[in-house]
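One file, query19.cif, carrying mmCIF, C-alpha atoms (C1' of nucleotides):
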```cif
data_my_file
loop_
_atom_site.label_atom_id
_atom_site.label_comp_id
_atom_site.auth_asym_id
_atom_site.auth_seq_id
_atom_site.Cartn_x
_atom_site.Cartn_y
_atom_site.Cartn_z
CA MET A 1 -83.31 -87.22 -67.25
CA SER A 2 -85.03 -83.95 -68.03
CA GLN A 3 -86.47 -81.49 -65.56
CA GLU A 4 -89.91 -82.32 -66.91
CA ASN A 5 -89.41 -86.00 -66.25
CA ILE A 6 -88.40 -85.33 -62.68
CA LYS A 7 -91.51 -83.20 -62.23
CA GLY A 8 -93.49 -86.13 -63.54
CA ILE A 9 -92.03 -88.45 -60.95
CA LEU A 10 -92.90 -86.03 -58.16
CA LYS A 11 -96.44 -85.58 -59.48
CA THR A 12 -96.93 -89.32 -59.79
CA HIS A 13 -96.11 -89.62 -56.13
CA GLN A 14 -98.39 -86.69 -55.25
CA LEU A 15 -95.58 -84.50 -54.05
CA ARG A 16 -95.45 -80.75 -54.62
CA ILE A 17 -92.77 -79.60 -56.97
CA THR A 18 -90.19 -77.57 -55.08
CA ASP A 19 -86.61 -76.54 -55.78
CA CYS A 20 -85.26 -78.73 -53.03
CA ARG A 21 -87.08 -81.85 -54.19
CA MET A 22 -86.01 -81.24 -57.78
CA ASP A 23 -82.37 -80.85 -56.77
CA VAL A 24 -82.36 -83.86 -54.45
CA MET A 25 -83.99 -85.97 -57.15
CA GLN A 26 -81.44 -84.79 -59.71
CA PHE A 27 -78.62 -85.57 -57.32
CA PHE A 28 -79.79 -89.13 -56.81
CA LEU A 29 -80.13 -89.57 -60.56
CA ASP A 30 -76.65 -88.21 -61.25
CA GLU A 31 -74.94 -90.24 -58.58
CA LYS A 32 -75.54 -93.87 -59.23
CA SER A 33 -74.61 -94.82 -55.70
CA ALA A 34 -76.46 -94.73 -52.43
CA LEU A 35 -76.37 -91.48 -50.50
CA SER A 36 -76.54 -90.53 -46.85
CA GLN A 37 -78.12 -87.43 -45.42
CA SER A 38 -74.69 -85.89 -44.90
CA ASP A 39 -73.85 -86.48 -48.56
CA LEU A 40 -76.82 -84.30 -49.41
CA GLU A 41 -75.84 -81.69 -46.86
CA ASN A 42 -72.36 -81.42 -48.33
CA GLN A 43 -73.54 -81.08 -51.91
CA LEU A 44 -76.79 -79.15 -51.63
CA THR A 45 -75.61 -76.48 -49.27
CA THR A 46 -78.37 -74.03 -50.17
CA TYR A 47 -80.92 -76.03 -48.25
CA ASP A 48 -81.32 -76.43 -44.54
CA ARG A 49 -80.42 -79.74 -42.91
CA VAL A 50 -83.98 -80.17 -41.72
CA THR A 51 -85.39 -79.55 -45.17
CA LEU A 52 -83.16 -82.24 -46.63
CA TYR A 53 -84.11 -84.54 -43.79
CA ARG A 54 -87.80 -84.03 -44.51
CA THR A 55 -87.26 -84.36 -48.23
CA LEU A 56 -85.67 -87.75 -47.69
CA ASN A 57 -88.56 -88.78 -45.49
CA SER A 58 -91.20 -87.71 -48.00
CA PHE A 59 -89.34 -89.60 -50.71
CA LEU A 60 -89.20 -92.64 -48.46
CA ASP A 61 -92.89 -92.46 -47.64
CA SER A 62 -93.92 -92.08 -51.24
CA GLY A 63 -91.68 -94.88 -52.38
CA ILE A 64 -89.22 -92.90 -54.46
CA LEU A 65 -86.33 -93.88 -52.22
CA HIS A 66 -85.60 -96.84 -50.02
CA ARG A 67 -83.16 -97.33 -47.21
CA ILE A 68 -80.19 -99.52 -47.91
CA PRO A 69 -78.96 -101.67 -45.03
CA ASN A 70 -75.37 -101.24 -44.01
CA GLU A 71 -73.37 -101.99 -40.94
CA THR A 72 -71.88 -98.55 -40.23
CA GLY A 73 -74.84 -97.15 -38.35
CA ILE A 74 -75.44 -94.36 -40.86
CA ALA A 75 -78.64 -94.51 -42.87
CA THR A 76 -78.14 -94.52 -46.63
CA TYR A 77 -80.71 -94.18 -49.35
CA GLY A 78 -81.08 -95.31 -52.92
CA LEU A 79 -83.55 -94.76 -55.72
CA CYS A 80 -86.21 -97.37 -56.04
CA HIS A 81 -86.63 -99.20 -59.29
CA ASP A 82 -89.63 -98.63 -61.49
CA THR A 83 -91.20 -101.72 -60.01
CA CYS A 84 -91.61 -100.06 -56.62
CA SER A 85 -94.88 -98.53 -55.52
CA PRO A 86 -95.68 -96.94 -52.17
CA ASP A 87 -97.62 -100.04 -51.18
CA GLN A 88 -95.43 -102.74 -52.56
CA HIS A 89 -91.71 -102.29 -52.48
CA GLU A 90 -89.52 -104.56 -54.50
CA HIS A 91 -86.09 -104.21 -53.00
CA ASN A 92 -84.85 -107.70 -53.18
CA HIS A 93 -81.95 -106.68 -55.30
CA VAL A 94 -78.27 -106.79 -54.50
CA HIS A 95 -76.21 -103.92 -53.19
CA PHE A 96 -72.46 -103.72 -53.48
CA LYS A 97 -70.38 -101.92 -50.90
CA CYS A 98 -66.76 -101.04 -51.66
CA ASN A 99 -64.51 -101.54 -48.65
CA LYS A 100 -62.05 -98.98 -49.96
CA CYS A 101 -64.09 -95.95 -51.03
CA GLY A 102 -67.19 -96.89 -49.07
CA GLN A 103 -69.51 -96.33 -52.00
CA ILE A 104 -72.68 -98.36 -52.08
CA GLU A 105 -74.31 -99.10 -55.38
CA CYS A 106 -77.18 -101.13 -56.61
CA LEU A 107 -76.42 -104.16 -58.73
CA GLU A 108 -78.99 -105.11 -61.29
CA GLU A 109 -79.00 -108.72 -60.26
CA LYS A 110 -82.16 -109.86 -58.56
CA VAL A 111 -82.16 -111.98 -55.42
CA ALA A 112 -84.07 -115.06 -56.44
CA HIS A 113 -82.72 -117.20 -53.66
CA HIS A 114 -84.93 -119.12 -51.36
CA VAL A 115 -84.14 -118.96 -47.67
CA THR A 116 -85.01 -121.47 -45.02
CA VAL A 117 -86.23 -119.90 -41.79
CA PRO A 118 -87.29 -121.53 -38.52
CA SER A 119 -90.85 -122.80 -38.51
CA GLY A 120 -93.39 -120.15 -37.59
CA TYR A 121 -91.35 -117.39 -39.16
CA LYS A 122 -92.72 -115.34 -42.03
CA VAL A 123 -90.45 -113.83 -44.68
CA ASP A 124 -91.29 -110.42 -46.13
CA GLY A 125 -88.12 -109.54 -47.98
CA ILE A 126 -84.60 -110.57 -48.69
CA ASN A 127 -81.71 -108.16 -48.88
CA MET A 128 -78.25 -109.00 -50.01
CA ILE A 129 -75.16 -106.92 -49.48
CA VAL A 130 -71.98 -107.88 -51.26
CA ASP A 131 -68.81 -106.21 -50.09
CA GLY A 132 -65.42 -106.05 -51.70
CA ILE A 133 -63.51 -103.74 -53.99
CA CYS A 134 -65.24 -101.82 -56.76
CA GLY A 135 -63.90 -101.40 -60.28
CA LYS A 136 -62.50 -97.92 -59.72
CA CYS A 137 -60.65 -98.80 -56.51
CA ALA A 138 -59.29 -102.02 -57.99
CA LEU A 139 -57.25 -99.94 -60.44
CA ILE A 140 -55.53 -97.85 -57.78
CA MET B 1 -70.60 -121.03 -20.86
CA SER B 2 -68.42 -120.82 -17.79
CA GLN B 3 -66.46 -117.82 -16.57
CA GLU B 4 -63.28 -119.71 -17.35
CA ASN B 5 -64.34 -120.28 -20.92
CA ILE B 6 -65.06 -116.61 -21.40
CA LYS B 7 -61.63 -115.79 -20.02
CA GLY B 8 -60.22 -118.20 -22.54
CA ILE B 9 -61.92 -116.40 -25.40
CA LEU B 10 -60.54 -113.07 -24.24
CA LYS B 11 -57.04 -114.49 -23.86
CA THR B 12 -57.17 -116.09 -27.28
CA HIS B 13 -57.86 -112.68 -28.72
CA GLN B 14 -55.10 -111.11 -26.65
CA LEU B 15 -57.45 -108.96 -24.63
CA ARG B 16 -56.99 -108.24 -20.96
CA ILE B 17 -59.55 -109.77 -18.67
CA THR B 18 -61.66 -107.06 -17.11
CA ASP B 19 -65.05 -107.03 -15.40
CA CYS B 20 -66.61 -105.05 -18.19
CA ARG B 21 -65.41 -107.36 -20.93
CA MET B 22 -66.51 -110.41 -18.98
CA ASP B 23 -69.99 -108.98 -18.47
CA VAL B 24 -70.38 -107.82 -22.05
CA MET B 25 -69.26 -111.20 -23.29
CA GLN B 26 -71.68 -112.96 -20.97
CA PHE B 27 -74.49 -110.70 -22.12
CA PHE B 28 -73.90 -111.52 -25.77
CA LEU B 29 -73.80 -115.23 -24.93
CA ASP B 30 -77.05 -115.07 -22.96
CA GLU B 31 -78.96 -113.07 -25.55
CA LYS B 32 -79.02 -114.95 -28.77
CA SER B 33 -79.95 -111.86 -30.76
CA ALA B 34 -77.92 -108.98 -32.05
CA LEU B 35 -77.40 -106.08 -29.67
CA SER B 36 -76.93 -102.36 -30.07
CA GLN B 37 -74.77 -100.15 -27.89
CA SER B 38 -77.88 -98.79 -26.18
CA ASP B 39 -78.97 -102.33 -25.33
CA LEU B 40 -75.71 -102.71 -23.44
CA GLU B 41 -76.10 -99.34 -21.76
CA ASN B 42 -79.55 -100.27 -20.52
CA GLN B 43 -78.51 -103.62 -19.11
CA LEU B 44 -74.98 -103.04 -17.89
CA THR B 45 -75.59 -99.81 -16.07
CA THR B 46 -72.52 -100.10 -13.87
CA TYR B 47 -70.23 -99.23 -16.74
CA ASP B 48 -69.73 -95.92 -18.45
CA ARG B 49 -71.12 -95.44 -21.93
CA VAL B 50 -67.64 -94.79 -23.26
CA THR B 51 -66.29 -97.96 -21.72
CA LEU B 52 -69.00 -100.01 -23.37
CA TYR B 53 -68.31 -98.22 -26.62
CA ARG B 54 -64.62 -99.09 -26.42
CA THR B 55 -65.37 -102.63 -25.35
CA LEU B 56 -67.49 -103.10 -28.47
CA ASN B 57 -64.69 -101.67 -30.58
CA SER B 58 -62.02 -103.91 -29.09
CA PHE B 59 -64.29 -106.93 -29.63
CA LEU B 60 -64.82 -105.81 -33.22
CA ASP B 61 -61.11 -105.34 -33.84
CA SER B 62 -60.19 -108.69 -32.39
CA GLY B 63 -62.92 -110.49 -34.29
CA ILE B 64 -65.12 -111.53 -31.38
CA LEU B 65 -68.01 -109.46 -32.67
CA HIS B 66 -69.10 -108.31 -36.07
CA ARG B 67 -71.45 -105.58 -37.16
CA ILE B 68 -74.74 -106.63 -38.62
CA PRO B 69 -76.04 -104.48 -41.45
CA ASN B 70 -79.48 -103.00 -41.08
CA GLU B 71 -81.31 -100.08 -42.59
CA THR B 72 -82.33 -98.24 -39.44
CA GLY B 73 -79.11 -96.32 -38.98
CA ILE B 74 -78.33 -97.92 -35.61
CA ALA B 75 -75.29 -100.15 -35.46
CA THR B 76 -75.94 -103.62 -34.09
CA TYR B 77 -73.47 -106.30 -33.14
CA GLY B 78 -73.46 -110.06 -33.04
CA LEU B 79 -71.07 -112.76 -31.90
CA CYS B 80 -68.85 -114.19 -34.55
CA HIS B 81 -68.88 -117.88 -35.16
CA ASP B 82 -65.94 -120.03 -34.23
CA THR B 83 -64.78 -119.85 -37.79
CA CYS B 84 -63.92 -116.17 -37.49
CA SER B 85 -60.40 -114.96 -36.88
CA PRO B 86 -59.16 -111.38 -36.72
CA ASP B 87 -57.69 -111.75 -40.19
CA GLN B 88 -60.34 -113.73 -41.89
CA HIS B 89 -63.93 -113.12 -41.04
CA GLU B 90 -66.55 -115.56 -42.13
CA HIS B 91 -69.81 -113.69 -41.90
CA ASN B 92 -71.57 -114.97 -44.90
CA HIS B 93 -74.44 -116.18 -42.83
CA VAL B 94 -78.02 -115.01 -42.82
CA HIS B 95 -79.56 -112.57 -40.38
CA PHE B 96 -83.24 -112.32 -39.70
CA LYS B 97 -84.85 -109.06 -38.69
CA CYS B 98 -88.35 -109.04 -37.25
CA ASN B 99 -90.40 -106.11 -38.49
CA LYS B 100 -92.58 -106.20 -35.40
CA CYS B 101 -90.23 -106.47 -32.42
CA GLY B 102 -87.15 -105.31 -34.27
CA GLN B 103 -85.01 -108.15 -32.99
CA ILE B 104 -82.19 -109.27 -35.19
CA GLU B 105 -80.94 -112.80 -34.95
CA CYS B 106 -78.47 -114.95 -36.72
CA LEU B 107 -79.80 -117.87 -38.73
CA GLU B 108 -77.58 -120.87 -38.99
CA GLU B 109 -78.02 -121.14 -42.70
CA LYS B 110 -74.93 -120.30 -44.67
CA VAL B 111 -75.00 -118.13 -47.76
CA ALA B 112 -73.62 -120.37 -50.44
CA HIS B 113 -74.94 -118.33 -53.29
CA HIS B 114 -72.79 -117.06 -56.04
CA VAL B 115 -73.19 -113.45 -57.06
CA THR B 116 -72.39 -111.91 -60.39
CA VAL B 117 -70.66 -108.56 -60.13
CA PRO B 118 -69.47 -106.15 -62.85
CA SER B 119 -66.11 -107.05 -64.34
CA GLY B 120 -63.18 -105.69 -62.38
CA TYR B 121 -65.02 -105.98 -59.09
CA LYS B 122 -63.71 -108.16 -56.30
CA VAL B 123 -66.04 -109.84 -53.81
CA ASP B 124 -64.93 -110.21 -50.21
CA GLY B 125 -68.13 -111.23 -48.49
CA ILE B 126 -71.82 -111.71 -48.91
CA ASN B 127 -74.36 -110.70 -46.33
CA MET B 128 -77.99 -111.56 -46.41
CA ILE B 129 -80.72 -109.95 -44.34
CA VAL B 130 -84.12 -111.55 -44.31
CA ASP B 131 -86.92 -109.50 -42.82
CA GLY B 132 -90.37 -110.55 -41.79
CA ILE B 133 -92.14 -111.71 -38.65
CA CYS B 134 -90.38 -113.89 -36.09
CA GLY B 135 -91.92 -116.87 -34.38
CA LYS B 136 -92.80 -115.05 -31.16
CA CYS B 137 -94.46 -112.10 -32.87
CA ALA B 138 -96.39 -114.37 -35.23
CA LEU B 139 -98.31 -115.75 -32.25
CA ILE B 140 -99.48 -112.36 -30.99
"C1'" DA C 1 -44.93 -110.41 -3.31
"C1'" DA C 2 -43.60 -105.68 -4.74
"C1'" DA C 3 -42.42 -102.77 -8.40
"C1'" DT C 4 -42.83 -101.70 -13.11
"C1'" DT C 5 -45.16 -101.26 -17.42
"C1'" DA C 6 -48.90 -101.15 -20.36
"C1'" DA C 7 -53.61 -100.91 -21.04
"C1'" DA C 8 -58.57 -100.06 -19.52
"C1'" DT C 9 -61.76 -97.09 -17.25
"C1'" DG C 10 -64.47 -92.94 -16.01
"C1'" DC C 11 -65.33 -88.27 -16.55
"C1'" DA C 12 -65.75 -84.16 -19.20
"C1'" DA C 13 -66.40 -82.40 -23.41
"C1'" DT C 14 -67.14 -82.26 -28.40
"C1'" DT C 15 -69.02 -83.62 -32.83
"C1'" DT C 16 -72.46 -85.49 -35.60
"C1'" DA C 17 -77.10 -87.53 -36.56
"C1'" DG C 18 -81.89 -87.51 -35.97
"C1'" DT C 19 -86.15 -85.10 -34.64
"C1'" DT C 20 -89.92 -81.58 -33.34
"C1'" DG C 21 -92.47 -76.90 -33.02
"C1'" DC C 22 -93.54 -72.85 -34.99
"C1'" DA C 23 -93.60 -68.76 -37.91
"C1'" DT C 24 -92.98 -67.64 -42.67
"C1'" DA C 25 -92.91 -68.53 -47.51
"C1'" DA C 26 -94.12 -70.92 -51.41
"C1'" DA C 27 -97.12 -74.19 -54.23
"C1'" DC C 28 -101.38 -75.67 -55.66
"C1'" DT C 29 -106.76 -75.06 -56.17
"C1'" DA C 30 -110.85 -72.82 -57.32
"C1'" DT D 1 -105.77 -63.72 -57.96
"C1'" DA D 2 -107.51 -65.05 -53.37
"C1'" DG D 3 -107.64 -68.75 -50.32
"C1'" DT D 4 -105.91 -73.12 -48.66
"C1'" DT D 5 -102.60 -76.33 -47.95
"C1'" DT D 6 -98.00 -77.74 -47.69
"C1'" DA D 7 -92.88 -76.90 -47.57
"C1'" DT D 8 -89.14 -74.36 -45.71
"C1'" DG D 9 -85.88 -72.26 -42.38
"C1'" DC D 10 -84.68 -71.31 -37.84
"C1'" DA D 11 -84.14 -72.51 -33.13
"C1'" DA D 12 -83.95 -75.95 -30.05
"C1'" DC D 13 -83.54 -80.55 -28.28
"C1'" DT D 14 -82.38 -85.59 -27.88
"C1'" DA D 15 -79.45 -89.22 -28.75
"C1'" DA D 16 -75.27 -91.45 -30.80
"C1'" DA D 17 -70.50 -91.48 -31.80
"C1'" DT D 18 -65.95 -89.99 -30.63
"C1'" DT D 19 -61.60 -87.93 -28.31
"C1'" DG D 20 -58.34 -86.32 -24.44
"C1'" DC D 21 -56.70 -86.88 -20.14
"C1'" DA D 22 -56.13 -88.25 -15.38
"C1'" DT D 23 -56.74 -92.34 -12.68
"C1'" DT D 24 -57.14 -97.07 -11.88
"C1'" DT D 25 -56.40 -101.76 -12.86
"C1'" DA D 26 -54.31 -105.88 -15.14
"C1'" DA D 27 -50.34 -108.18 -16.59
"C1'" DT D 28 -45.23 -108.53 -16.42
"C1'" DT D 29 -40.85 -108.51 -14.39
"C1'" DT D 30 -37.73 -108.59 -10.74
#
```
Show how you would write the structure in this file as structure tokens.
Amino acid sequence: MSQENIKGILKTHQLRITDCRMDVMQFFLDEKSALSQSDLENQLTTYDRVTLYRTLNSFLDSGILHRIPNETGIATYGLCHDTCSPDQHEHNHVHFKCNKCGQIECLEEKVAHHVTVPSGYKVDGINMIVDGICGKCALI
Amino acid sequence: MSQENIKGILKTHQLRITDCRMDVMQFFLDEKSALSQSDLENQLTTYDRVTLYRTLNSFLDSGILHRIPNETGIATYGLCHDTCSPDQHEHNHVHFKCNKCGQIECLEEKVAHHVTVPSGYKVDGINMIVDGICGKCALI
DNA sequence: AAATTAAATGCAATTTAGTTGCATAAACTA
DNA sequence: TAGTTTATGCAACTAAATTGCATTTAATTT
């Protein structure tokens, strides 16, 4: 994706175009997998931890990123699909977590499954996390 | 569940019977919902933070507890079902997270769904997190 | 039951993650 | 290009996760 396209995404979400936001955006586009704040810190060393933290938050608020549930206790983030808007997030897709390399990626498959909940409960979203061994690690 | 039964669970998992482990176990049995380490710290104030931390870890290792994925970045734990053993965990059940009170609970429904993954990938488990409003919060 | 062995606990300390305030610098607007 | 708004970096703080070590306690053996 071109620099201009990234600028477009930022503008669409009414975010100012800054070096940090451009680089973070590019990083998420290059890596297909979910990233944690420390991943950013390790790769984009020119920026302050706090700046990266606030960049993630502004991306979250504007609907560019979403948080991906995992059991480790470390927040990870992934790019939203085109179908996401700040108001209405559409994250009912499937994430795959490799138990060897730890990488989390977004599978294209949609969760279409119906879930039965106790009466009186209201369902907003469904998230599915599949864990196992990814293609790369399976070869090792 | 009686004290003796709890002792039995600990023995089955080859864990020494200590006050802390008994109390933590009892706490998980009383609360039906998932708990975080800080929940334990707030309720079981007689024990050191580190002791609770290590108790959670030993319960994890022996298969008494499992981690429940969530997107907040705080690890939460829930009791495993009877079907779990240290070697083979059976956690393909559904968790419900209330967006109002934040409580996470385990729904009895089993995930029976088949998932399509890229070729070369191996699936170990499937986790499903449903979020919405729980019965209690819906009444408020 | 006492002695031995192995493991759990508490304390101190460290590392890492998440968060806020404020002065400065940069991006947008007119 | 001047003025306004927002983003950044630094310092500082809170909270979570983790490790080492001395002490205590539980289980085992005699």
ask   = So what does the PyMOL selection byres ((chain C) within 12 of (chain A)) actually pick up in this one, as an MDAnalysis selection string?
value = chainID C and resid 16:20 26:28
I need the contact residues of chain A against chain D, so if you could list those with any atom within 10 Å, counting all atoms listed in the file, and return them as a compact mmCIF listing (two decimals) with C-alpha atoms, keeping the file's coordinate frame, that would help.
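What ended up in part08.txt:
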```txt
# COMPACT_ATOMS: atom_id res chain seq x y z
CA LEU A 15 -95.58 -84.50 -54.05
CA ARG A 16 -95.45 -80.75 -54.62
CA ILE A 17 -92.77 -79.60 -56.97
CA THR A 18 -90.19 -77.57 -55.08
CA CYS A 20 -85.26 -78.73 -53.03
CA TYR A 47 -80.92 -76.03 -48.25
CA ASP A 48 -81.32 -76.43 -44.54
CA ARG A 49 -80.42 -79.74 -42.91
CA VAL A 50 -83.98 -80.17 -41.72
CA THR A 51 -85.39 -79.55 -45.17
CA LEU A 52 -83.16 -82.24 -46.63
CA ARG A 54 -87.80 -84.03 -44.51
CA THR A 55 -87.26 -84.36 -48.23
CA GLY A 73 -74.84 -97.15 -38.35
```
request  = Run through the PyMOL selection byres ((chain A) within 8 of (chain B)) on the given coordinates and return the selected residues as a ChimeraX atom specification.
outcome  = /A:67-76,107,109,113,116-135,138
Result of fitting chain A to chain B over every paired C-alpha, as a compact mmCIF listing (two decimals) with C-alpha atoms, in the frame of the given file:
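Generated output (selection30.txt):
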```txt
# COMPACT_ATOMS: atom_id res chain seq x y z
CA MET A 1 -70.88 -120.97 -20.83
CA SER A 2 -68.75 -120.79 -17.72
CA GLN A 3 -66.80 -117.82 -16.46
CA GLU A 4 -63.62 -119.74 -17.16
CA ASN A 5 -64.62 -120.31 -20.75
CA ILE A 6 -65.28 -116.63 -21.25
CA LYS A 7 -61.87 -115.84 -19.79
CA GLY A 8 -60.43 -118.27 -22.29
CA ILE A 9 -62.05 -116.46 -25.18
CA LEU A 10 -60.65 -113.14 -24.00
CA LYS A 11 -57.17 -114.62 -23.54
CA THR A 12 -57.26 -116.22 -26.96
CA HIS A 13 -57.88 -112.80 -28.42
CA GLN A 14 -55.14 -111.25 -26.27
CA LEU A 15 -57.51 -109.08 -24.32
CA ARG A 16 -57.12 -108.34 -20.62
CA ILE A 17 -59.75 -109.85 -18.42
CA THR A 18 -61.87 -107.12 -16.88
CA ASP A 19 -65.30 -107.03 -15.27
CA CYS A 20 -66.78 -105.04 -18.10
CA ARG A 21 -65.52 -107.37 -20.81
CA MET A 22 -66.72 -110.41 -18.87
CA ASP A 23 -70.18 -108.92 -18.44
CA VAL A 24 -70.49 -107.76 -22.04
CA MET A 25 -69.37 -111.18 -23.26
CA GLN A 26 -71.88 -112.89 -20.97
CA PHE A 27 -74.62 -110.60 -22.20
CA PHE A 28 -73.96 -111.45 -25.83
CA LEU A 29 -73.93 -115.14 -24.97
CA ASP A 30 -77.21 -114.94 -23.06
CA GLU A 31 -79.02 -112.93 -25.68
CA LYS A 32 -79.01 -114.83 -28.90
CA SER A 33 -79.84 -111.74 -30.90
CA ALA A 34 -77.79 -108.86 -32.17
CA LEU A 35 -77.27 -105.95 -29.81
CA SER A 36 -76.72 -102.24 -30.21
CA GLN A 37 -74.61 -100.04 -28.01
CA SER A 38 -77.74 -98.65 -26.36
CA ASP A 39 -78.89 -102.18 -25.54
CA LEU A 40 -75.69 -102.57 -23.56
CA GLU A 41 -76.11 -99.20 -21.90
CA ASN A 42 -79.60 -100.10 -20.74
CA GLN A 43 -78.62 -103.47 -19.31
CA LEU A 44 -75.10 -102.92 -17.99
CA THR A 45 -75.72 -99.68 -16.19
CA THR A 46 -72.69 -100.01 -13.92
CA TYR A 47 -70.35 -99.17 -16.75
CA ASP A 48 -69.77 -95.88 -18.45
CA ARG A 49 -71.04 -95.37 -22.00
CA VAL A 50 -67.51 -94.80 -23.22
CA THR A 51 -66.26 -97.97 -21.61
CA LEU A 52 -68.95 -99.99 -23.35
CA TYR A 53 -68.17 -98.21 -26.59
CA ARG A 54 -64.50 -99.13 -26.29
CA THR A 55 -65.32 -102.66 -25.24
CA LEU A 56 -67.36 -103.11 -28.40
CA ASN A 57 -64.51 -101.72 -30.46
CA SER A 58 -61.91 -104.01 -28.90
CA PHE A 59 -64.20 -106.97 -29.50
CA LEU A 60 -64.65 -105.87 -33.09
CA ASP A 61 -60.92 -105.46 -33.64
CA SER A 62 -60.09 -108.81 -32.15
CA GLY A 63 -62.79 -110.57 -34.10
CA ILE A 64 -65.06 -111.57 -31.25
CA LEU A 65 -67.91 -109.48 -32.60
CA HIS A 66 -68.92 -108.33 -36.04
CA ARG A 67 -71.22 -105.60 -37.19
CA ILE A 68 -74.52 -106.65 -38.63
CA PRO A 69 -75.86 -104.54 -41.49
CA ASN A 70 -79.28 -103.04 -41.03
CA GLU A 71 -81.16 -100.20 -42.56
CA THR A 72 -82.08 -98.21 -39.43
CA GLY A 73 -78.83 -96.32 -39.13
CA ILE A 74 -77.98 -97.80 -35.73
CA ALA A 75 -74.98 -100.09 -35.54
CA THR A 76 -75.72 -103.55 -34.19
CA TYR A 77 -73.31 -106.27 -33.23
CA GLY A 78 -73.34 -110.03 -33.08
CA LEU A 79 -71.01 -112.74 -31.88
CA CYS A 80 -68.79 -114.21 -34.51
CA HIS A 81 -68.86 -117.91 -35.13
CA ASP A 82 -65.96 -120.12 -34.18
CA THR A 83 -64.77 -119.94 -37.76
CA CYS A 84 -63.90 -116.26 -37.44
CA SER A 85 -60.37 -115.09 -36.78
CA PRO A 86 -59.13 -111.51 -36.56
CA ASP A 87 -57.61 -111.84 -40.01
CA GLN A 88 -60.26 -113.79 -41.79
CA HIS A 89 -63.86 -113.15 -40.96
CA GLU A 90 -66.49 -115.55 -42.12
CA HIS A 91 -69.72 -113.65 -41.92
CA ASN A 92 -71.47 -114.85 -44.96
CA HIS A 93 -74.32 -116.17 -42.93
CA VAL A 94 -77.92 -115.04 -42.88
CA HIS A 95 -79.44 -112.62 -40.43
CA PHE A 96 -83.13 -112.41 -39.71
CA LYS A 97 -84.75 -109.16 -38.68
CA CYS A 98 -88.24 -109.17 -37.18
CA ASN A 99 -90.34 -106.27 -38.43
CA LYS A 100 -92.47 -106.36 -35.31
CA CYS A 101 -90.08 -106.57 -32.35
CA GLY A 102 -87.04 -105.40 -34.27
CA GLN A 103 -84.85 -108.21 -33.00
CA ILE A 104 -82.03 -109.32 -35.23
CA GLU A 105 -80.75 -112.84 -34.96
CA CYS A 106 -78.29 -115.00 -36.76
CA LEU A 107 -79.63 -117.91 -38.75
CA GLU A 108 -77.40 -120.91 -39.04
CA GLU A 109 -77.86 -121.16 -42.76
CA LYS A 110 -74.80 -120.31 -44.78
CA VAL A 111 -74.91 -118.08 -47.85
CA ALA A 112 -73.54 -120.28 -50.58
CA HIS A 113 -75.01 -118.25 -53.38
CA HIS A 114 -72.96 -116.99 -56.22
CA VAL A 115 -73.48 -113.39 -57.26
CA THR A 116 -72.82 -111.85 -60.62
CA VAL A 117 -71.17 -108.44 -60.43
CA PRO A 118 -70.16 -106.05 -63.20
CA SER A 119 -66.83 -106.87 -64.80
CA GLY A 120 -63.87 -105.40 -62.95
CA TYR A 121 -65.58 -105.71 -59.60
CA LYS A 122 -64.11 -107.86 -56.86
CA VAL A 123 -66.30 -109.58 -54.27
CA ASP A 124 -65.06 -109.89 -50.69
CA GLY A 125 -68.18 -110.97 -48.86
CA ILE A 126 -71.85 -111.58 -49.16
CA ASN A 127 -74.36 -110.63 -46.51
CA MET A 128 -77.97 -111.58 -46.50
CA ILE A 129 -80.68 -110.04 -44.39
CA VAL A 130 -84.08 -111.67 -44.29
CA ASP A 131 -86.88 -109.66 -42.77
CA GLY A 132 -90.31 -110.74 -41.67
CA ILE A 133 -92.00 -111.89 -38.50
CA CYS A 134 -90.19 -114.03 -35.96
CA GLY A 135 -91.68 -117.03 -34.19
CA LYS A 136 -92.51 -115.18 -30.98
CA CYS A 137 -94.26 -112.27 -32.70
CA ALA A 138 -96.17 -114.58 -35.02
CA LEU A 139 -98.04 -115.95 -32.00
CA ILE A 140 -99.25 -112.56 -30.78
```
Coordinates-based distance that separates atom CA of Gln103 of chain A from atom CA of Gly102 of chain B (Å, one decimal) =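 Pair atom CA of Gly102 of chain B / atom CA of Gln103 of chain A returns 26.6 Å.
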remark   = What separates atom CA of Asn57 of chain A and atom CA of Gly8 of chain A is a distance of 18.9 Å
ask   = Quick one: distance from atom CA of Asn5 of chain A to atom CA of Ser58 of chain A in Å, one decimal?
value = 18.4 Å
task = May I have the residues within 10 Å of Gly78 of chain A as a PyMOL selection string, using all atoms listed in the file and disregarding those fewer than 2 positions away in the same chain?
result = chain A and resi 28-29+31-36+60+64-68+76+80-81+95+104-106
